[in-house]
$ cat model_24.txt   # compact mmCIF, C-alpha atoms
# COMPACT_ATOMS: atom_id res chain seq x y z
CA MET H 1 -19.88 30.70 39.78
CA GLY H 2 -19.78 33.90 37.78
CA ARG H 3 -16.57 32.77 36.14
CA ALA H 4 -18.14 29.44 35.15
CA ILE H 5 -21.09 31.21 33.58
CA ARG H 6 -18.75 33.50 31.72
CA ARG H 7 -17.09 30.42 30.27
CA ILE H 8 -20.20 28.39 29.50
CA VAL H 9 -22.34 31.11 27.97
CA PRO H 10 -20.03 31.89 25.01
CA ALA H 11 -19.69 28.17 24.36
CA LEU H 12 -23.47 27.75 24.32
CA LEU H 13 -23.86 30.82 22.13
CA PHE H 14 -21.31 29.45 19.69
CA THR H 15 -23.13 26.10 19.50
CA LEU H 16 -26.44 27.89 18.96
CA VAL H 17 -25.04 30.08 16.21
CA ALA H 18 -23.33 27.12 14.54
CA ALA H 19 -26.57 25.15 14.65
CA CYS H 20 -28.59 28.02 13.17
CA THR H 21 -26.26 29.35 10.53
CA GLY H 22 -25.20 26.14 8.85
CA ARG H 23 -24.80 22.43 9.19
CA VAL H 24 -21.99 20.20 8.09
CA PRO H 25 -21.44 21.16 4.44
CA MET H 26 -23.00 18.76 1.96
CA PRO H 27 -20.43 16.51 0.28
CA LYS H 28 -19.01 17.71 -3.00
CA ILE H 29 -18.92 14.59 -5.12
CA PRO H 30 -16.06 14.46 -7.63
CA ALA H 31 -17.23 14.10 -11.23
CA ALA H 32 -16.91 10.73 -12.96
CA LYS H 33 -15.32 10.24 -16.37
CA GLY H 34 -18.23 8.37 -17.96
CA ALA H 35 -21.58 9.93 -18.81
CA HIS H 36 -23.73 7.31 -17.05
CA CYS H 37 -23.27 4.86 -14.23
CA VAL H 38 -23.75 1.08 -14.53
CA ARG H 39 -26.89 1.56 -12.41
CA PRO H 40 -29.18 4.57 -11.95
CA THR H 41 -27.54 7.10 -9.62
CA GLN H 42 -30.53 7.21 -7.26
CA TRP H 43 -30.47 3.43 -6.98
CA MET H 44 -26.70 3.41 -6.46
CA ILE H 45 -26.87 5.89 -3.59
CA LYS H 46 -29.03 3.40 -1.70
CA ASN H 47 -27.72 0.08 -2.95
CA HIS H 48 -24.08 0.36 -4.07
CA MET H 49 -22.87 -1.63 -1.07
CA LYS H 50 -25.16 -4.50 -2.00
CA LEU H 51 -23.98 -4.48 -5.58
CA LEU H 52 -20.34 -4.44 -4.44
CA MET H 53 -20.94 -7.31 -2.03
CA GLN H 54 -22.63 -9.33 -4.75
CA LEU H 55 -19.80 -8.60 -7.22
CA ARG H 56 -17.19 -9.52 -4.65
CA TYR H 57 -18.82 -12.84 -3.79
CA GLU H 58 -19.27 -13.79 -7.43
CA ALA H 59 -15.73 -12.82 -8.40
CA VAL H 60 -13.94 -14.43 -5.45
CA HIS H 61 -16.00 -17.55 -4.83
CA GLU H 62 -17.64 -18.30 -8.15
CA GLY H 63 -15.14 -16.87 -10.61
CA ILE H 64 -17.83 -14.83 -12.34
CA ARG H 65 -16.26 -11.56 -13.38
CA HIS H 66 -18.33 -8.88 -15.01
CA LYS H 67 -16.46 -6.81 -17.53
CA ALA H 68 -18.40 -3.61 -17.03
CA GLU H 69 -19.09 -4.03 -13.32
CA SER H 70 -16.20 -4.42 -10.91
CA LEU H 71 -14.49 -2.40 -8.22
CA PRO H 72 -11.54 -1.59 -10.54
CA GLY H 73 -14.19 -0.49 -13.07
CA CYS H 74 -15.71 1.88 -10.51
CA ILE H 75 -12.26 3.27 -9.72
CA ASN H 76 -11.38 3.67 -13.39
CA CYS H 77 -14.41 5.90 -13.88
CA HIS H 78 -14.66 7.69 -10.55
CA VAL H 79 -11.02 8.48 -9.69
CA SER H 80 -9.06 11.07 -11.62
CA ARG H 81 -5.83 12.92 -11.03
CA LEU H 82 -6.05 16.15 -9.06
CA PRO H 83 -4.79 19.39 -10.67
CA ASP H 84 -1.37 18.71 -9.09
CA GLY H 85 -1.13 15.44 -11.02
CA LYS H 86 -1.54 13.20 -7.99
CA TYR H 87 -4.38 10.84 -7.19
CA PRO H 88 -6.51 11.79 -4.17
CA SER H 89 -5.71 9.83 -1.03
CA VAL H 90 -8.46 7.53 0.25
CA THR H 91 -8.83 9.64 3.38
CA SER H 92 -9.38 12.93 1.51
CA ARG H 93 -12.79 14.33 0.61
CA LYS H 94 -11.60 14.60 -2.96
CA PHE H 95 -11.66 10.81 -3.18
CA PHE H 96 -15.02 9.80 -4.64
CA CYS H 97 -16.05 7.26 -1.98
CA ASN H 98 -14.79 9.31 0.92
CA ALA H 99 -16.68 12.44 -0.13
CA CYS H 100 -19.92 10.87 1.12
CA HIS H 101 -18.50 8.37 3.56
CA GLU H 102 -16.85 11.07 5.62
CA TYR H 103 -20.10 13.04 5.61
CA VAL H 104 -22.16 10.11 6.90
CA GLY H 105 -19.41 8.86 9.21
CA VAL H 106 -19.14 5.40 7.74
CA ARG H 107 -15.61 4.09 7.55
CA ILE H 108 -14.79 1.77 4.64
CA ASP H 109 -11.76 -0.50 4.56
CA CYS H 110 -11.92 -1.50 0.88
CA PHE H 111 -8.79 0.45 0.04
CA GLU H 112 -6.59 -1.19 2.63
CA CYS H 113 -6.29 -3.98 0.07
CA HIS H 114 -7.73 -2.62 -3.16
CA THR H 115 -5.85 0.05 -5.00
CA ASN H 116 -7.37 3.51 -5.08
CA ARG H 117 -5.87 4.31 -8.48
CA PRO H 118 -7.29 3.67 -11.93
CA GLN H 119 -5.61 1.02 -14.02
CA THR H 120 -2.86 2.62 -16.04
CA ASP H 121 -1.99 -0.32 -18.25
CA GLY H 122 -4.59 0.61 -20.88
CA ALA H 123 -7.16 -1.93 -19.68
CA VAL H 124 -10.31 0.15 -19.40
CA VAL H 125 -13.94 -0.70 -18.82
CA ALA H 126 -15.40 -2.38 -21.88
CA GLU H 127 -18.86 -0.96 -21.45
CA THR H 128 -19.89 2.01 -19.37
CA GLY H 129 -23.39 2.63 -18.17
CA ARG H 130 -26.22 3.83 -20.33
CA GLU H 131 -28.81 6.47 -19.70
CA TRP H 132 -31.45 5.38 -17.18
CA VAL H 133 -35.05 6.56 -17.10
CA LEU H 134 -37.76 5.82 -14.55
CA ALA H 135 -40.67 4.11 -16.31
CA ALA H 136 -43.47 1.91 -14.94
CA GLY H 137 -41.97 1.62 -11.47
CA ALA H 138 -38.46 0.61 -12.48
CA TRP H 139 -35.33 2.16 -13.87
CA ARG H 140 -34.74 1.14 -17.46
CA HIS H 141 -32.19 1.86 -20.15
CA ARG H 142 -33.52 4.58 -22.40
CA ALA H 143 -33.11 2.20 -25.35
CA ALA H 144 -35.29 -0.41 -23.60
CA VAL H 145 -38.07 2.10 -22.95
CA SER H 146 -38.27 3.26 -26.52
CA GLY H 147 -38.80 -0.33 -27.57
CA ARG H 148 -35.36 -1.12 -28.93
CA LYS H 149 -33.11 -3.88 -27.57
CA ALA H 150 -34.44 -4.71 -24.12
CA ASP H 151 -32.59 -7.29 -22.05
CA ALA H 152 -32.69 -8.49 -18.47
CA ALA H 153 -29.71 -6.37 -17.50
CA SER H 154 -31.46 -3.19 -18.59
CA THR H 155 -34.04 -3.02 -15.76
CA VAL H 156 -33.40 -2.07 -12.14
CA SER H 157 -36.14 -1.72 -9.56
CA ALA H 158 -36.07 -0.50 -5.99
CA ALA H 159 -37.51 -3.85 -4.89
CA GLN H 160 -34.46 -5.58 -6.36
CA GLY H 161 -32.30 -3.70 -3.89
CA ARG H 162 -34.68 -4.24 -0.98
CA ARG H 163 -35.01 -7.99 -1.52
CA TRP H 164 -31.32 -8.58 -1.91
CA ARG H 165 -29.58 -10.65 0.76
CA SER H 166 -25.88 -11.20 1.24
CA PRO H 167 -24.63 -14.29 -0.60
CA TYR H 168 -22.39 -14.98 2.41
CA ARG H 169 -25.46 -15.20 4.62
CA ARG H 170 -27.11 -17.47 2.11
CA SER H 171 -24.10 -19.78 1.92
CA HIS H 172 -24.06 -20.12 5.72
CA GLU H 173 -27.77 -20.90 5.86
CA ARG H 174 -27.47 -23.64 3.30
CA MET M 1 -64.39 10.44 12.41
CA SER M 2 -66.10 7.75 10.44
CA ASP M 3 -67.55 4.59 11.93
CA GLU M 4 -65.52 2.31 9.69
CA HIS M 5 -62.78 1.94 12.29
CA ALA M 6 -63.57 -0.68 14.91
CA GLY M 7 -63.71 0.89 18.35
CA PRO M 8 -62.32 -0.71 21.50
CA GLY M 9 -65.28 -3.10 21.55
CA GLY M 10 -65.75 -6.74 20.59
CA ALA M 11 -65.10 -6.06 16.90
CA GLU M 12 -61.32 -6.03 17.36
CA ASN M 13 -61.35 -9.69 18.42
CA ASP M 14 -63.06 -10.78 15.26
CA VAL M 15 -60.73 -12.52 12.87
CA ASP M 16 -60.16 -10.36 9.84
CA GLU M 17 -60.12 -12.95 7.09
CA GLY M 18 -58.76 -10.52 4.53
CA ARG M 19 -55.92 -9.53 6.81
CA ARG M 20 -55.11 -13.14 7.62
CA ARG M 21 -55.01 -14.03 3.94
CA PHE M 22 -52.76 -11.06 3.26
CA LEU M 23 -50.34 -12.03 6.04
CA GLY M 24 -50.32 -15.63 4.84
CA ALA M 25 -49.47 -14.55 1.33
CA ALA M 26 -46.78 -12.23 2.67
CA ALA M 27 -45.21 -15.08 4.67
CA VAL M 28 -45.20 -17.33 1.60
CA SER M 29 -43.65 -14.67 -0.60
CA ALA M 30 -41.03 -13.98 2.10
CA LEU M 31 -40.12 -17.67 2.00
CA VAL M 32 -39.94 -17.63 -1.78
CA LEU M 33 -37.80 -14.53 -1.77
CA ALA M 34 -35.54 -15.81 1.02
CA PRO M 35 -32.66 -16.78 -1.31
CA GLY M 36 -32.35 -13.12 -2.24
CA VAL M 37 -32.49 -11.35 -5.51
CA SER M 38 -29.42 -11.21 -7.69
CA LEU M 39 -28.43 -7.69 -8.56
CA ILE M 40 -26.56 -8.67 -11.68
CA ARG M 41 -28.65 -10.23 -14.37
CA TYR M 42 -26.95 -11.35 -17.52
CA ALA M 43 -28.17 -14.18 -19.66
CA GLU M 44 -26.03 -17.32 -19.75
CA GLY M 45 -23.27 -17.02 -22.31
CA ASP M 46 -23.37 -13.21 -22.27
CA GLU M 47 -19.96 -11.86 -23.24
CA ARG M 48 -20.18 -9.20 -20.59
CA SER M 49 -19.33 -11.67 -17.82
CA THR M 50 -17.14 -14.74 -17.46
CA ALA M 51 -18.74 -18.17 -17.11
CA GLY M 52 -17.31 -18.81 -13.65
CA ALA M 53 -15.54 -21.74 -12.03
CA SER M 54 -16.96 -25.14 -12.95
CA SER M 55 -16.47 -28.49 -11.24
CA LYS M 56 -15.98 -30.00 -14.71
CA THR M 57 -12.52 -28.48 -14.55
CA ARG M 58 -9.67 -29.06 -12.17
CA TRP M 59 -6.76 -26.81 -12.85
CA GLY M 60 -3.34 -28.31 -12.30
CA LEU M 61 0.32 -27.77 -12.95
CA LEU M 62 3.00 -30.19 -14.05
CA ILE M 63 6.58 -29.16 -13.37
CA ASP M 64 9.33 -31.04 -15.19
CA THR M 65 12.24 -30.63 -12.78
CA THR M 66 14.71 -31.95 -15.35
CA LYS M 67 14.12 -28.74 -17.33
CA CYS M 68 14.18 -26.41 -14.33
CA LYS M 69 17.57 -24.74 -13.97
CA PRO M 70 18.79 -23.88 -10.46
CA SER M 71 19.85 -20.41 -11.60
CA CYS M 72 16.51 -19.55 -13.23
CA THR M 73 13.92 -17.60 -11.24
CA ALA M 74 11.69 -16.52 -14.14
CA CYS M 75 8.54 -17.96 -12.51
CA VAL M 76 9.19 -16.23 -9.20
CA THR M 77 9.91 -12.88 -10.86
CA ALA M 78 6.82 -13.13 -13.07
CA CYS M 79 4.58 -14.00 -10.11
CA SER M 80 6.01 -11.17 -8.06
CA SER M 81 5.56 -8.56 -10.76
CA TYR M 82 2.09 -9.72 -11.84
CA ASN M 83 0.69 -9.96 -8.34
CA GLY M 84 2.66 -7.06 -6.91
CA TRP M 85 4.46 -8.71 -4.00
CA LYS M 86 8.09 -8.23 -3.10
CA ASN M 87 10.38 -10.53 -1.16
CA GLU M 88 13.37 -8.68 0.19
CA GLY M 89 14.69 -11.62 2.17
CA ARG M 90 13.12 -10.80 5.51
CA PRO M 91 11.56 -13.81 7.27
CA THR M 92 8.06 -12.32 7.13
CA ASP M 93 8.19 -11.32 3.47
CA PRO M 94 5.62 -12.87 1.14
CA GLN M 95 6.58 -15.90 -0.93
CA TRP M 96 3.72 -16.97 -3.18
CA ILE M 97 6.24 -19.06 -5.10
CA ARG M 98 9.85 -19.88 -4.26
CA LYS M 99 12.70 -21.95 -5.68
CA VAL M 100 13.73 -24.78 -3.38
CA GLN M 101 16.86 -26.89 -3.79
CA VAL M 102 16.04 -30.45 -2.75
CA THR M 103 18.86 -32.89 -2.14
CA ASP M 104 18.90 -36.55 -1.24
CA PRO M 105 21.66 -36.66 1.38
CA SER M 106 22.39 -40.36 0.84
CA THR M 107 23.08 -40.02 -2.90
CA GLY M 108 23.72 -36.33 -3.43
CA PHE M 109 20.98 -36.21 -6.10
CA SER M 110 19.82 -32.60 -6.21
CA ARG M 111 17.11 -30.67 -8.05
CA SER M 112 15.85 -27.14 -8.03
CA VAL M 113 12.05 -26.95 -7.90
CA PRO M 114 9.53 -24.14 -7.75
CA VAL M 115 7.15 -24.62 -4.81
CA MET M 116 3.89 -22.76 -4.46
CA CYS M 117 0.39 -23.53 -3.21
CA GLN M 118 -0.23 -27.10 -4.33
CA HIS M 119 -4.00 -26.51 -4.68
CA CYS M 120 -4.85 -29.70 -2.79
CA ALA M 121 -8.15 -31.49 -3.23
CA ASN M 122 -8.16 -32.15 0.54
CA ALA M 123 -6.57 -28.87 1.56
CA PRO M 124 -5.62 -28.67 5.26
CA CYS M 125 -5.78 -24.86 5.10
CA VAL M 126 -9.47 -25.08 4.18
CA GLU M 127 -10.16 -27.56 6.98
CA VAL M 128 -8.64 -25.42 9.73
CA CYS M 129 -9.99 -22.03 8.67
CA PRO M 130 -12.41 -20.81 11.34
CA THR M 131 -14.21 -18.28 9.13
CA GLY M 132 -14.48 -19.98 5.76
CA ALA M 133 -12.03 -17.49 4.28
CA SER M 134 -9.72 -20.26 3.10
CA PHE M 135 -11.75 -22.12 0.53
CA ARG M 136 -11.55 -24.26 -2.57
CA ARG M 137 -13.22 -23.05 -5.72
CA ALA M 138 -15.31 -25.42 -7.84
CA ASP M 139 -12.41 -25.73 -10.30
CA GLY M 140 -9.95 -26.78 -7.59
CA ILE M 141 -8.15 -23.49 -6.98
CA VAL M 142 -7.52 -22.91 -3.28
CA LEU M 143 -7.91 -19.26 -2.35
CA VAL M 144 -8.19 -16.88 0.57
CA ASP M 145 -11.25 -14.63 0.68
CA ARG M 146 -9.47 -11.73 2.34
CA HIS M 147 -12.76 -10.01 3.03
CA ILE M 148 -13.52 -12.58 5.71
CA CYS M 149 -9.93 -13.56 6.67
CA ILE M 150 -9.25 -12.55 10.29
CA GLY M 151 -5.50 -13.15 10.03
CA CYS M 152 -5.35 -15.98 12.56
CA ARG M 153 -2.74 -17.83 10.47
CA TYR M 154 -4.05 -21.31 11.28
CA CYS M 155 -3.81 -22.07 7.56
CA MET M 156 -0.14 -21.11 7.52
CA MET M 157 0.54 -23.62 10.24
CA ALA M 158 -1.62 -26.30 8.63
CA CYS M 159 0.01 -26.06 5.20
CA PRO M 160 2.82 -28.61 4.81
CA TYR M 161 4.25 -26.68 1.84
CA LYS M 162 4.71 -23.30 3.58
CA ALA M 163 2.70 -21.89 0.73
CA ARG M 164 0.97 -19.10 2.60
CA SER M 165 2.31 -15.86 3.99
CA PHE M 166 0.90 -13.12 6.17
CA VAL M 167 0.87 -9.43 5.37
CA SER M 168 2.07 -7.60 8.46
CA GLU M 169 2.55 -4.09 7.11
CA ASN M 170 0.37 -1.50 5.43
CA LEU M 171 0.55 -1.70 1.65
CA THR M 172 -0.13 0.82 -1.09
CA ASN M 173 -0.27 0.67 -4.88
CA GLN M 174 -1.49 -2.89 -5.11
CA LYS M 175 -2.34 -4.27 -8.51
CA PRO M 176 -6.01 -3.73 -9.37
CA TRP M 177 -6.39 -7.46 -10.12
CA ALA M 178 -4.50 -8.62 -7.02
CA PRO M 179 -5.74 -6.84 -3.89
CA ARG M 180 -3.58 -7.52 -0.82
CA GLY M 181 -3.54 -5.94 2.58
CA LYS M 182 -2.35 -5.93 6.14
CA GLY M 183 -3.80 -8.47 8.54
CA THR M 184 -4.69 -11.12 5.99
CA VAL M 185 -3.08 -14.31 4.75
CA GLU M 186 -2.20 -14.76 1.09
CA GLY M 187 -0.76 -17.32 -1.24
CA CYS M 188 -0.57 -18.48 -4.84
CA THR M 189 -3.94 -17.96 -6.55
CA LEU M 190 -2.85 -19.77 -9.70
CA CYS M 191 -3.35 -16.28 -11.21
CA VAL M 192 -7.09 -16.64 -10.91
CA PRO M 193 -7.99 -13.40 -12.74
CA ARG M 194 -5.95 -14.61 -15.70
CA ILE M 195 -7.56 -18.06 -15.63
CA ASP M 196 -11.04 -16.51 -15.51
CA ALA M 197 -10.04 -14.46 -18.54
CA GLY M 198 -8.91 -17.63 -20.37
CA LYS M 199 -5.17 -17.04 -19.96
CA ILE M 200 -2.49 -19.18 -18.31
CA PRO M 201 -0.75 -18.33 -15.00
CA ALA M 202 2.04 -15.77 -15.14
CA CYS M 203 4.67 -18.28 -13.90
CA VAL M 204 3.85 -20.75 -16.68
CA GLU M 205 3.97 -18.03 -19.30
CA ALA M 206 7.35 -16.79 -18.00
CA CYS M 207 8.74 -20.32 -17.89
CA ARG M 208 7.77 -20.79 -21.53
CA ARG M 209 9.19 -17.47 -22.58
CA GLU M 210 12.37 -17.13 -20.51
CA GLY M 211 12.76 -20.38 -18.59
CA GLY M 212 13.28 -23.98 -19.54
CA ARG M 213 9.65 -24.64 -20.59
CA ALA M 214 9.36 -26.81 -17.49
CA MET M 215 5.78 -25.90 -16.54
CA THR M 216 2.58 -27.23 -18.07
CA PHE M 217 -0.77 -25.83 -17.05
CA GLY M 218 -4.12 -27.42 -17.81
CA ASN M 219 -7.28 -29.21 -16.87
CA LEU M 220 -6.62 -32.44 -14.97
CA LYS M 221 -10.18 -33.63 -15.60
CA ASP M 222 -9.81 -33.42 -19.38
CA PRO M 223 -8.03 -36.60 -20.58
CA ALA M 224 -7.11 -34.87 -23.85
CA SER M 225 -5.32 -31.91 -22.24
CA ALA M 226 -1.53 -31.69 -22.52
CA ILE M 227 -1.11 -32.03 -18.75
CA SER M 228 -3.31 -35.15 -18.51
CA ARG M 229 -1.51 -36.79 -21.43
CA ALA M 230 1.91 -36.03 -19.93
CA LEU M 231 0.80 -37.35 -16.53
CA ALA M 232 -0.50 -40.55 -18.15
CA GLU M 233 2.68 -41.06 -20.16
CA TYR M 234 5.54 -40.21 -17.79
CA PRO M 235 6.13 -40.92 -14.10
CA SER M 236 5.38 -38.02 -11.81
CA ALA M 237 5.06 -37.35 -8.11
CA GLN M 238 3.17 -35.13 -5.74
CA LEU M 239 5.10 -33.46 -2.94
CA ARG M 240 4.44 -35.24 0.36
CA ALA M 241 2.10 -37.68 -1.38
CA ASP M 242 2.03 -39.60 1.93
CA LEU M 243 -0.25 -36.90 3.34
CA MET M 244 -2.85 -37.85 0.72
CA LEU M 245 -3.84 -34.28 0.00
CA ASP M 246 -4.21 -34.97 -3.74
CA THR M 247 -2.33 -31.91 -4.89
CA GLY M 248 -3.08 -30.17 -8.16
CA VAL M 249 0.63 -29.56 -8.72
CA HIS M 250 2.66 -32.51 -9.95
CA TYR M 251 6.43 -32.89 -10.39
CA GLN M 252 8.41 -34.94 -12.85
CA GLY M 253 11.99 -36.10 -12.31
CA LEU M 254 12.07 -36.07 -8.52
$ encode --input "model_24.txt" --output "structure tokens"
Amino acid sequence: MGRAIRRIVPALLFTLVAACTGRVPMPKIPAAKGAHCVRPTQWMIKNHMKLLMQLRYEAVHEGIRHKAESLPGCINCHVSRLPDGKYPSVTSRKFFCNACHEYVGVRIDCFECHTNRPQTDGAVVAETGREWVLAAGAWRHRAAVSGRKADAASTVSAAQGRRWRSPYRRSHER
Amino acid sequence: MSDEHAGPGGAENDVDEGRRRFLGAAAVSALVLAPGVSLIRYAEGDERSTAGASSKTRWGLLIDTTKCKPSCTACVTACSSYNGWKNEGRPTDPQWIRKVQVTDPSTGFSRSVPVMCQHCANAPCVEVCPTGASFRRADGIVLVDRHICIGCRYCMMACPYKARSFVSENLTNQKPWAPRGKGTVEGCTLCVPRIDAGKIPACVEACRREGGRAMTFGNLKDPASAISRALAEYPSAQLRADLMLDTGVHYQGL
């Protein structure tokens, strides 16, 4: 009995101390090469998976390929060589996607098929993102807010992400 | 506490007209929104995205076997290097395109022909696929959506041309435009990223450059295209035409 307590108490104490002193460290997100993302960062944190699913359906099934928005485009901007000259492995926290995905415990299998390295043949993203500002309930390109050159692609609202449904689901319901 | 809130009396059974109207409107808008909201909004004809596959097009290939030399493997090499697959001779190695020597045993007539996915109009691989991963695009290209492929290999058994192969090992360093991975089936895509970008398949380009200029690529639905004119002018055949799959790949001189 006494021996058991002597074993359990330090374990409990350790758990208590660990819980009080600090939690799992927040992910350190590797910096991207471009100045702005194709969508507002706050929107992307919530909705990137929806955007990727939409892009994937359009590219594979409909042949619609967006020059600025594609998984290789994301990789081109978000993956850089480490100081030792190598690219981070998909399972390391230095890999952009995995920095958060390991933290939240969500396993992704994108990189079992897709390459985790930027394109090296000189083909780079034609257009990177522009600066986004929150105005009148939606994210807009700064240029669109100041009255110059507004187009449909320059507005992103939270509702757009909420109302989105998988195109696969839609094609099955048809 | 204010008296505005209805207590547990008779008031709670009264129909709240405003609430009913609100719920009705919500149900209607849910129905309207059911198709989902697109997250990518470009105007039609915007240069920032490709137009997409159209049923006004049917991509096809014409292979003139009289110009195809048995020693030449330019198309196979080009496909392999563009799409990043390697065939090292093992039985399970991928073969998106291969050279086949066909011989008529009664006469000894022999020809070397490249065989790849024939991009059938009535593709058996599409019919047998249990998940919808094997599908035919609007422009006639038969593809595997590897995101929903479960690797059952029914399509490999259904295909009379042995055009599909299965990836059984982990892969790394795939081409950014040609993702491939373990547990999924793959085959000739007719170099779909190139076609979407307005280019011709890698095999056709290599055949023009290094081979015998035996391959013609084009739109079978356009009577003015080089492939349609050649098909109208010279005799050609589909492989296993008796199966009535209406292949997109045609052969001359067989």
$ closest_atom_pairs --input "model_24.txt" --of "chain M" --to "chain H" --cutoff "10 Å" --atoms "all atoms listed in the file" --output "Markdown table"
| residue | atom | partner | partner_atom | distance |
| --- | --- | --- | --- | --- |
| M:Ala30 | CA | H:Arg163 | CA | 9.2 |
| M:Leu33 | CA | H:Arg163 | CA | 7.1 |
| M:Ala34 | CA | H:Arg165 | CA | 7.9 |
| M:Pro35 | CA | H:Arg170 | CA | 6.6 |
| M:Gly36 | CA | H:Trp164 | CA | 4.7 |
| M:Val37 | CA | H:Trp164 | CA | 4.7 |
| M:Ser38 | CA | H:Trp164 | CA | 6.6 |
| M:Leu39 | CA | H:Leu51 | CA | 6.2 |
| M:Ile40 | CA | H:Ala153 | CA | 7.0 |
| M:Arg41 | CA | H:Ala153 | CA | 5.1 |
| M:Tyr42 | CA | H:Ala153 | CA | 5.7 |
| M:Ala43 | CA | H:Ala152 | CA | 7.4 |
| M:Asp46 | CA | H:His66 | CA | 9.8 |
| M:Glu47 | CA | H:Lys67 | CA | 8.4 |
| M:Arg48 | CA | H:Lys67 | CA | 5.4 |
| M:Ser49 | CA | H:His66 | CA | 4.1 |
| M:Thr50 | CA | H:Ile64 | CA | 5.2 |
| M:Ala51 | CA | H:Ile64 | CA | 5.9 |
| M:Gly52 | CA | H:Gly63 | CA | 4.2 |
| M:Ala53 | CA | H:Gly63 | CA | 5.1 |
| M:Ser54 | CA | H:Glu62 | CA | 8.4 |
| M:Gly132 | CA | H:His172 | CA | 9.6 |
| M:Ala133 | CA | H:His61 | CA | 9.9 |
| M:Phe135 | CA | H:His61 | CA | 8.2 |
| M:Arg136 | CA | H:His61 | CA | 8.4 |
| M:Arg137 | CA | H:His61 | CA | 6.2 |
| M:Ala138 | CA | H:Glu62 | CA | 7.5 |
| M:Asp139 | CA | H:Gly63 | CA | 9.3 |
| M:Leu143 | CA | H:Val60 | CA | 8.3 |
| M:Val144 | CA | H:Val60 | CA | 8.7 |
| M:Asp145 | CA | H:Val60 | CA | 6.7 |
| M:Arg146 | CA | H:Cys113 | CA | 8.7 |
| M:His147 | CA | H:Cys110 | CA | 8.8 |
| M:Ile148 | CA | H:Tyr168 | CA | 9.8 |
| M:Asn170 | CA | H:Glu112 | CA | 7.5 |
| M:Leu171 | CA | H:Glu112 | CA | 7.2 |
| M:Thr172 | CA | H:Thr115 | CA | 7.0 |
| M:Asn173 | CA | H:Thr115 | CA | 5.6 |
| M:Gln174 | CA | H:Thr115 | CA | 5.3 |
| M:Lys175 | CA | H:Thr115 | CA | 6.6 |
| M:Pro176 | CA | H:Thr115 | CA | 5.8 |
| M:Trp177 | CA | H:Pro72 | CA | 7.8 |
| M:Ala178 | CA | H:His114 | CA | 7.8 |
| M:Pro179 | CA | H:His114 | CA | 4.7 |
| M:Arg180 | CA | H:Cys113 | CA | 4.5 |
| M:Gly181 | CA | H:Cys113 | CA | 4.2 |
| M:Lys182 | CA | H:Glu112 | CA | 7.3 |
| M:Gly183 | CA | H:Glu112 | CA | 9.8 |
| M:Thr184 | CA | H:Cys113 | CA | 9.4 |
| M:Val192 | CA | H:Gly63 | CA | 8.1 |
| M:Pro193 | CA | H:Gly63 | CA | 8.2 |
| M:Ile195 | CA | H:Gly63 | CA | 9.2 |
| M:Asp196 | CA | H:Gly63 | CA | 6.4 |
| M:Ala197 | CA | H:Arg65 | CA | 8.6 |
$ closest_residue --input "model_24.txt" --among "H:Trp132, H:Phe96, H:Tyr87, H:Trp139" --to "Ala158 (chain H)" --atoms "only C-alpha atoms"
H:Trp139
$ axis_aligned_box --input "model_24.txt" --around "region 56-75 of chain H" --padding-each-side "3 Å" --output "lines of an AutoDock Vina configuration file"
center_x = -15.4
center_y = -7.5
center_z = -10.7
size_x = 13.7
size_y = 27.6
size_z = 19.7
$ closest_residue --input "model_24.txt" --among "M:Val142, M:Val185, M:Val167, M:Cys125" --to "Lys86 (chain M)" --atoms "only C-alpha atoms"
M:Val167
$ atom_distance --input "model_24.txt" --atom1 "CA of Arg240 (chain M)" --atom2 "CA of Lys67 (chain M)"
21.2 Å
$ residues_around --input "model_24.txt" --residues "Lys28 (chain H)" --least-positions-apart "4" --cutoff "10 Å" --atoms "all atoms listed in the file" --output "MDAnalysis selection string"
chainID H and resid 93:94 96 99:100 103
$ closest_residue --input "model_24.txt" --among "H:Arg142, H:Ile45, H:Ile29, H:Cys37" --to "Ser92 (chain H)" --atoms "all atoms listed in the file"
H:Ile29
$ atom_distance --input "model_24.txt" --atom1 "CA of His250 (chain M)" --atom2 "CA of Thr216 (chain M)"
9.7 Å
$ atom_distance --input "model_24.txt" --atom1 "CA of Pro160 (chain M)" --atom2 "CA of Ala232 (chain M)"
26.1 Å
$ residues_around --input "model_24.txt" --residues "Ala163 (chain M)" --least-positions-apart "3" --cutoff "9 Å" --atoms "only C-alpha atoms" --output "ChimeraX atom specification"
/M:95-98,115-118,156,159-160,186-188
$ write_last_selection --input "model_24.txt" --atoms "C-alpha atoms" --output "CSV table (one decimal), keeping the file's coordinate frame"
chain,number,residue,atom,x,y,z
M,95,GLN,CA,6.6,-15.9,-0.9
M,96,TRP,CA,3.7,-17.0,-3.2
M,97,ILE,CA,6.2,-19.1,-5.1
M,98,ARG,CA,9.8,-19.9,-4.3
M,115,VAL,CA,7.2,-24.6,-4.8
M,116,MET,CA,3.9,-22.8,-4.5
M,117,CYS,CA,0.4,-23.5,-3.2
M,118,GLN,CA,-0.2,-27.1,-4.3
M,156,MET,CA,-0.1,-21.1,7.5
M,159,CYS,CA,0.0,-26.1,5.2
M,160,PRO,CA,2.8,-28.6,4.8
M,186,GLU,CA,-2.2,-14.8,1.1
M,187,GLY,CA,-0.8,-17.3,-1.2
M,188,CYS,CA,-0.6,-18.5,-4.8
